[in-house]
Amino acid sequence: MKKLSFLLVLCILIGCKDDKSKAVPVLKKNQPAIILTDERTVQIDTAKINAFKSETLKQFYNSSDNKTVWGNLKKRTYILSLLKKSDELGLNPGDYKIEKLQKLEKRLSSLSDSDLATYDILLTYNFELYLTHLYKGKLDPKKLYGNWDLAEKPFDVNNALIKAFNKNKLDSIVDNLQSKSDTYKQLLKALQIINTFPDDNIAKIESTEKITLHDTNPALVNIKKRLLFWKDMSGRRDSLTKIYDQKTFEAIKKFQERHGLAADGVIGAGTIRALNFSKTKRKEQIIANLERWRWYNNEFAENYFIINIPDYSLNVVENKDTTLVRNVVVGTSKRRTPVITSKLKTVVFNPTWTVPPTILKEDVVPAMKRNRNYLTKKNITIYDSSGNVVEPAAWNEKNPGKYRYVQSPGYNNSLGLMKILFPNHHSVYLHDTNHRNYFERNNRSMSSGCVRVENPLELAQHILDEEGNWPQDRIDTIIASKKTMSFKIKKKYALYQWYWTAWSKKNQLIFRADIYNLDSDLYAKLRN
């Protein structure tokens, strides 16, 4: 009896020792555990999970005690259907190994426990990758662009997935993770619209001269084919002529308006360039824009300025209502306006302007070498490091960087009569301009990086006049004083200075010229 008791105690001790030697899964803080059903589950060899070198994957399976979780046919089928049709959201099904997953699903009943574990891991890994791409994009803009300052988009994919899994709400997770903005929804609609168009095989339009109403030109045959293809014009393809008739004229104006071109009916180089975009290239453009929108904030502030750089537009939105719309001038392709998310801080009336290094090197120094009175004519004073005024004749052209160049306030100041400041790393701001005729132009990629705003004093009054203490005559008095004055913006406004070249409106495709040539390169990287 004593021997039997001793053996029982020994077995218990050995059993306890074996249990302690097993790896005990440690859940991530605040991460829910996966609620498993009685459906077929198998234990997963941790080596299979570790092979993916993914901490996220390890934490996910810690939540299930390292057991398979996708035993439910309905859940698997739903996930596979999402991955298969991910192209409807601008994603690439190939990124999620959909063909391999479908083959494993077909062989499910004959899979060994080891193969079933592999399938389970692959399904989790690729679904979480899909969710991450959907929420924050596939690529990191900070690794692509040196002048993009966007807030991080932290994402706990395990927490989102496990909660949806446990509550049987996988069908809502996709909607919950996507941007709620109208523009993003319009982009998804644009992708849906362009998929309804057939493949096109229209020859490239060749024309070196402008075509105006009643002209005769062989290029008009293919121009009309394009207009018919994009549904800017209706009619029969077999009755197209080389004559620029009234019907085609109206169709061209419609096409030009959709593409942000001067809707004058004149078929010039810009219109030809837009007409020569194929369906494939336009679809790639939409997909590139969807990726960009996933980099941006999912939720907007209550009040904000949103600038679309390629559209040369600024909208002020307050409590979901657009209260002001302004034309803007943005940076050239060599001096690009940066993409920024920030907050408006200060309005400065009668600003001075200090010449920045790039403009000094590329514009001022060459001009000064030609004519020492160049800066005097522009009301710009040269200061040395001690703050003393330097006469143009004493300016050292061999060491121009040791001076400060400051333009006095006034109507002809390069910043105009007002600027709006916001924190950023690029020394840019919103401002008036002394080239006010630029707003009449169609192509307004003309600044050195800052955004120039049309009718800026009205904009300043709008954002300062929260308590009704900014009548027009107060601003007029400040401007007339020619004294630099700064005022804090009391109302909270976010600034979204972003870049997108495609969307849809009333079931019509809308495009803008890709002024910084970002779309094709981004699409290529997405499909690499």
# chains A, B, ... in the order shown; residues from 1 in each chain; ligands from 1
call {"tool": "residues_around", "arguments": {"residues": "Glu466 in chain A", "least_positions_apart": "3", "cutoff": "9 Å", "atoms": "only C-alpha atoms", "output": "VMD selection string"}}
result
chain A and resid 462 to 463 469 to 470 490 to 491
call {"tool": "write_last_selection", "arguments": {"atoms": "N, CA, C and O atoms", "output": "PDB file, in the first residue's frame"}}
result
ATOM      1  N   HIS A 462     -13.014  85.132 -41.963  1.00  0.00           N
ATOM      2  CA  HIS A 462     -13.908  84.006 -41.670  1.00  0.00           C
ATOM      3  C   HIS A 462     -13.404  83.182 -40.489  1.00  0.00           C
ATOM      4  O   HIS A 462     -14.186  82.806 -39.606  1.00  0.00           O
ATOM      5  N   ILE A 463     -12.108  82.895 -40.445  1.00  0.00           N
ATOM      6  CA  ILE A 463     -11.600  82.014 -39.393  1.00  0.00           C
ATOM      7  C   ILE A 463     -11.296  82.759 -38.092  1.00  0.00           C
ATOM      8  O   ILE A 463     -11.229  82.138 -37.031  1.00  0.00           O
ATOM      9  N   ASN A 469     -16.059  89.866 -33.688  1.00  0.00           N
ATOM     10  CA  ASN A 469     -15.248  91.061 -33.398  1.00  0.00           C
ATOM     11  C   ASN A 469     -14.210  91.334 -34.487  1.00  0.00           C
ATOM     12  O   ASN A 469     -13.199  91.984 -34.245  1.00  0.00           O
ATOM     13  N   TRP A 470     -14.471  90.794 -35.696  1.00  0.00           N
ATOM     14  CA  TRP A 470     -13.563  91.052 -36.802  1.00  0.00           C
ATOM     15  C   TRP A 470     -14.317  91.611 -38.004  1.00  0.00           C
ATOM     16  O   TRP A 470     -14.379  90.978 -39.067  1.00  0.00           O
ATOM     17  N   LYS A 490      -8.456  81.299 -32.656  1.00  0.00           N
ATOM     18  CA  LYS A 490      -9.046  80.701 -31.454  1.00  0.00           C
ATOM     19  C   LYS A 490      -9.843  79.431 -31.769  1.00  0.00           C
ATOM     20  O   LYS A 490      -9.858  78.481 -30.985  1.00  0.00           O
ATOM     21  N   LYS A 491     -10.506  79.438 -32.893  1.00  0.00           N
ATOM     22  CA  LYS A 491     -11.265  78.253 -33.273  1.00  0.00           C
ATOM     23  C   LYS A 491     -10.300  77.177 -33.785  1.00  0.00           C
ATOM     24  O   LYS A 491      -9.338  77.484 -34.483  1.00  0.00           O
TER      25      LYS A 491
END
call {"tool": "residues_around", "arguments": {"residues": "Asn92 in chain A", "least_positions_apart": "6", "cutoff": "10 Å", "atoms": "only C-alpha atoms", "output": "list in words"}}
result
Leu83, Lys84, Lys85, Ser86, Ile98, Tyr130, Ile287, Leu526 and Arg527 of chain A
call {"tool": "write_last_selection", "arguments": {"atoms": "N, CA, C and O atoms", "output": "PDB file, in the first residue's frame"}}
result
ATOM      1  N   LEU A  83     -10.927  38.014 -49.751  1.00  0.00           N
ATOM      2  CA  LEU A  83      -9.598  38.056 -50.366  1.00  0.00           C
ATOM      3  C   LEU A  83      -9.692  37.934 -51.882  1.00  0.00           C
ATOM      4  O   LEU A  83      -8.955  38.600 -52.606  1.00  0.00           O
ATOM      5  N   LYS A  84     -10.623  37.091 -52.358  1.00  0.00           N
ATOM      6  CA  LYS A  84     -10.769  36.885 -53.793  1.00  0.00           C
ATOM      7  C   LYS A  84     -11.233  38.141 -54.501  1.00  0.00           C
ATOM      8  O   LYS A  84     -10.782  38.452 -55.613  1.00  0.00           O
ATOM      9  N   LYS A  85     -12.142  38.903 -53.871  1.00  0.00           N
ATOM     10  CA  LYS A  85     -12.672  40.113 -54.506  1.00  0.00           C
ATOM     11  C   LYS A  85     -12.022  41.386 -53.961  1.00  0.00           C
ATOM     12  O   LYS A  85     -12.588  42.472 -54.074  1.00  0.00           O
ATOM     13  N   SER A  86     -10.825  41.259 -53.389  1.00  0.00           N
ATOM     14  CA  SER A  86     -10.134  42.437 -52.852  1.00  0.00           C
ATOM     15  C   SER A  86      -9.807  43.447 -53.940  1.00  0.00           C
ATOM     16  O   SER A  86      -9.593  44.627 -53.655  1.00  0.00           O
ATOM     17  N   ILE A  98      -4.406  34.006 -52.588  1.00  0.00           N
ATOM     18  CA  ILE A  98      -5.773  33.502 -52.672  1.00  0.00           C
ATOM     19  C   ILE A  98      -5.838  32.155 -53.406  1.00  0.00           C
ATOM     20  O   ILE A  98      -6.611  31.260 -53.011  1.00  0.00           O
ATOM     21  N   TYR A 130      -4.441  41.638 -45.313  1.00  0.00           N
ATOM     22  CA  TYR A 130      -5.526  42.310 -46.053  1.00  0.00           C
ATOM     23  C   TYR A 130      -6.145  43.423 -45.205  1.00  0.00           C
ATOM     24  O   TYR A 130      -6.344  44.553 -45.689  1.00  0.00           O
ATOM     25  N   ILE A 287      -6.578  53.259 -58.519  1.00  0.00           N
ATOM     26  CA  ILE A 287      -6.025  52.362 -57.502  1.00  0.00           C
ATOM     27  C   ILE A 287      -4.911  53.046 -56.717  1.00  0.00           C
ATOM     28  O   ILE A 287      -4.819  52.905 -55.490  1.00  0.00           O
ATOM     29  N   LEU A 526       2.933  49.251 -55.942  1.00  0.00           N
ATOM     30  CA  LEU A 526       1.857  48.469 -55.337  1.00  0.00           C
ATOM     31  C   LEU A 526       1.781  47.071 -55.932  1.00  0.00           C
ATOM     32  O   LEU A 526       1.433  46.109 -55.243  1.00  0.00           O
ATOM     33  N   ARG A 527       2.095  46.944 -57.211  1.00  0.00           N
ATOM     34  CA  ARG A 527       1.968  45.659 -57.884  1.00  0.00           C
ATOM     35  C   ARG A 527       3.310  44.943 -58.029  1.00  0.00           C
ATOM     36  O   ARG A 527       3.404  43.928 -58.698  1.00  0.00           O
TER      37      ARG A 527
END
call {"tool": "select_by_dssp", "arguments": {"residues": "range 139-339 of chain A", "states": "helix (DSSP H, G or I)", "output": "ChimeraX atom specification"}}
result
/A:141-144,157-166,170-177,182-194,220-229,237-239,246-258,269-275,279-295,309-311
call {"tool": "residues_around", "arguments": {"residues": "range 420-423 of chain A", "least_positions_apart": "2", "cutoff": "9 Å", "atoms": "only C-alpha atoms", "output": "list in words"}}
result
Ser342, Lys343, Leu344, Lys345, Thr346, Val347, Val348, Phe349, Met418, His425, Ser427, Val428, Tyr429, Leu430, His431, Ala460 and Leu495 of chain A
call {"tool": "residues_around", "arguments": {"residues": "Leu457 in chain A", "least_positions_apart": "4", "cutoff": "8 Å", "atoms": "only C-alpha atoms", "output": "list in words"}}
result
Leu417, Met418, Gln461 and Ile475 of chain A
call {"tool": "write_last_selection", "arguments": {"atoms": "N, CA, C and O atoms", "output": "mmCIF file, in the first residue's frame"}}
result
data_model
loop_
_atom_site.group_PDB
_atom_site.id
_atom_site.type_symbol
_atom_site.label_atom_id
_atom_site.label_comp_id
_atom_site.auth_asym_id
_atom_site.auth_seq_id
_atom_site.Cartn_x
_atom_site.Cartn_y
_atom_site.Cartn_z
ATOM 1 N N LEU A 417 -0.696 90.264 -48.472
ATOM 2 C CA LEU A 417 -1.131 91.007 -47.284
ATOM 3 C C LEU A 417 -1.402 90.123 -46.074
ATOM 4 O O LEU A 417 -1.724 90.630 -45.000
ATOM 5 N N MET A 418 -1.256 88.804 -46.240
ATOM 6 C CA MET A 418 -1.604 87.915 -45.138
ATOM 7 C C MET A 418 -0.966 86.550 -45.319
ATOM 8 O O MET A 418 -0.766 86.094 -46.447
ATOM 9 N N GLN A 461 -10.757 86.731 -42.277
ATOM 10 C CA GLN A 461 -11.895 87.229 -41.499
ATOM 11 C C GLN A 461 -12.804 86.075 -41.065
ATOM 12 O O GLN A 461 -13.276 86.033 -39.923
ATOM 13 N N ILE A 475 -9.945 94.888 -40.332
ATOM 14 C CA ILE A 475 -8.878 94.340 -41.170
ATOM 15 C C ILE A 475 -8.328 95.413 -42.097
ATOM 16 O O ILE A 475 -7.113 95.532 -42.295
#
call {"tool": "residues_around", "arguments": {"residues": "Val328 in chain A", "least_positions_apart": "5", "cutoff": "9 Å", "atoms": "only C-alpha atoms", "output": "PyMOL selection string"}}
result
chain A and resi 307+309+311-314+439+444+451-454
call {"tool": "residues_around", "arguments": {"residues": "Tyr184 in chain A", "least_positions_apart": "4", "cutoff": "8 Å", "atoms": "only C-alpha atoms", "output": "PyMOL selection string"}}
result
chain A and resi 179-180+188+290+293+503
call {"tool": "closest_residue", "arguments": {"among": "A:Gln407, A:Asn327, A:Asn373, A:Thr241", "to": "Trp395 in chain A", "atoms": "only C-alpha atoms"}}
result
A:Asn373
call {"tool": "residues_around", "arguments": {"residues": "Lys482 in chain A", "least_positions_apart": "4", "cutoff": "9 Å", "atoms": "only C-alpha atoms", "output": "CSV table (one decimal) with N, CA and C atoms, in the first residue's frame"}}
result
chain,number,residue,atom,x,y,z
A,349,PHE,N,-1.0,89.5,-40.5
A,349,PHE,CA,-1.3,90.6,-41.5
A,349,PHE,C,0.0,91.4,-41.8
A,350,ASN,N,0.1,91.9,-43.0
A,350,ASN,CA,1.3,92.6,-43.4
A,350,ASN,C,2.6,91.9,-43.1
A,351,PRO,N,2.7,90.7,-43.6
A,351,PRO,CA,3.9,89.9,-43.2
A,351,PRO,C,5.1,90.4,-44.0
A,409,PRO,N,6.7,94.8,-45.6
A,409,PRO,CA,5.3,94.5,-45.8
A,409,PRO,C,4.7,95.4,-46.9
A,410,GLY,N,3.6,95.0,-47.5
A,410,GLY,CA,3.0,95.8,-48.5
A,410,GLY,C,2.2,95.0,-49.5
A,417,LEU,N,-0.7,90.3,-48.5
A,417,LEU,CA,-1.1,91.0,-47.3
A,417,LEU,C,-1.4,90.1,-46.1
A,478,ILE,N,-5.9,97.6,-40.2
A,478,ILE,CA,-4.6,96.9,-40.0
A,478,ILE,C,-3.8,96.9,-41.3
call {"tool": "atom_distance", "arguments": {"atom1": "CA of Asp120 in chain A", "atom2": "CA of Thr68 in chain A"}}
result
5.9 Å
call {"tool": "atom_distance", "arguments": {"atom1": "CA of Asp171 in chain A", "atom2": "CA of Ala502 in chain A"}}
result
28.1 Å
call {"tool": "closest_residue", "arguments": {"among": "A:Ser486, A:Thr216, A:Lys48, A:Tyr523", "to": "Leu91 in chain A", "atoms": "only C-alpha atoms"}}
result
A:Tyr523
call {"tool": "atom_distance", "arguments": {"atom1": "CA of Lys488 in chain A", "atom2": "CA of Pro456 in chain A"}}
result
16.2 Å
call {"tool": "closest_residue", "arguments": {"among": "A:Gly449, A:Gly387, A:Pro141, A:Pro198", "to": "Thr280 in chain A", "atoms": "only C-alpha atoms"}}
result
A:Pro198
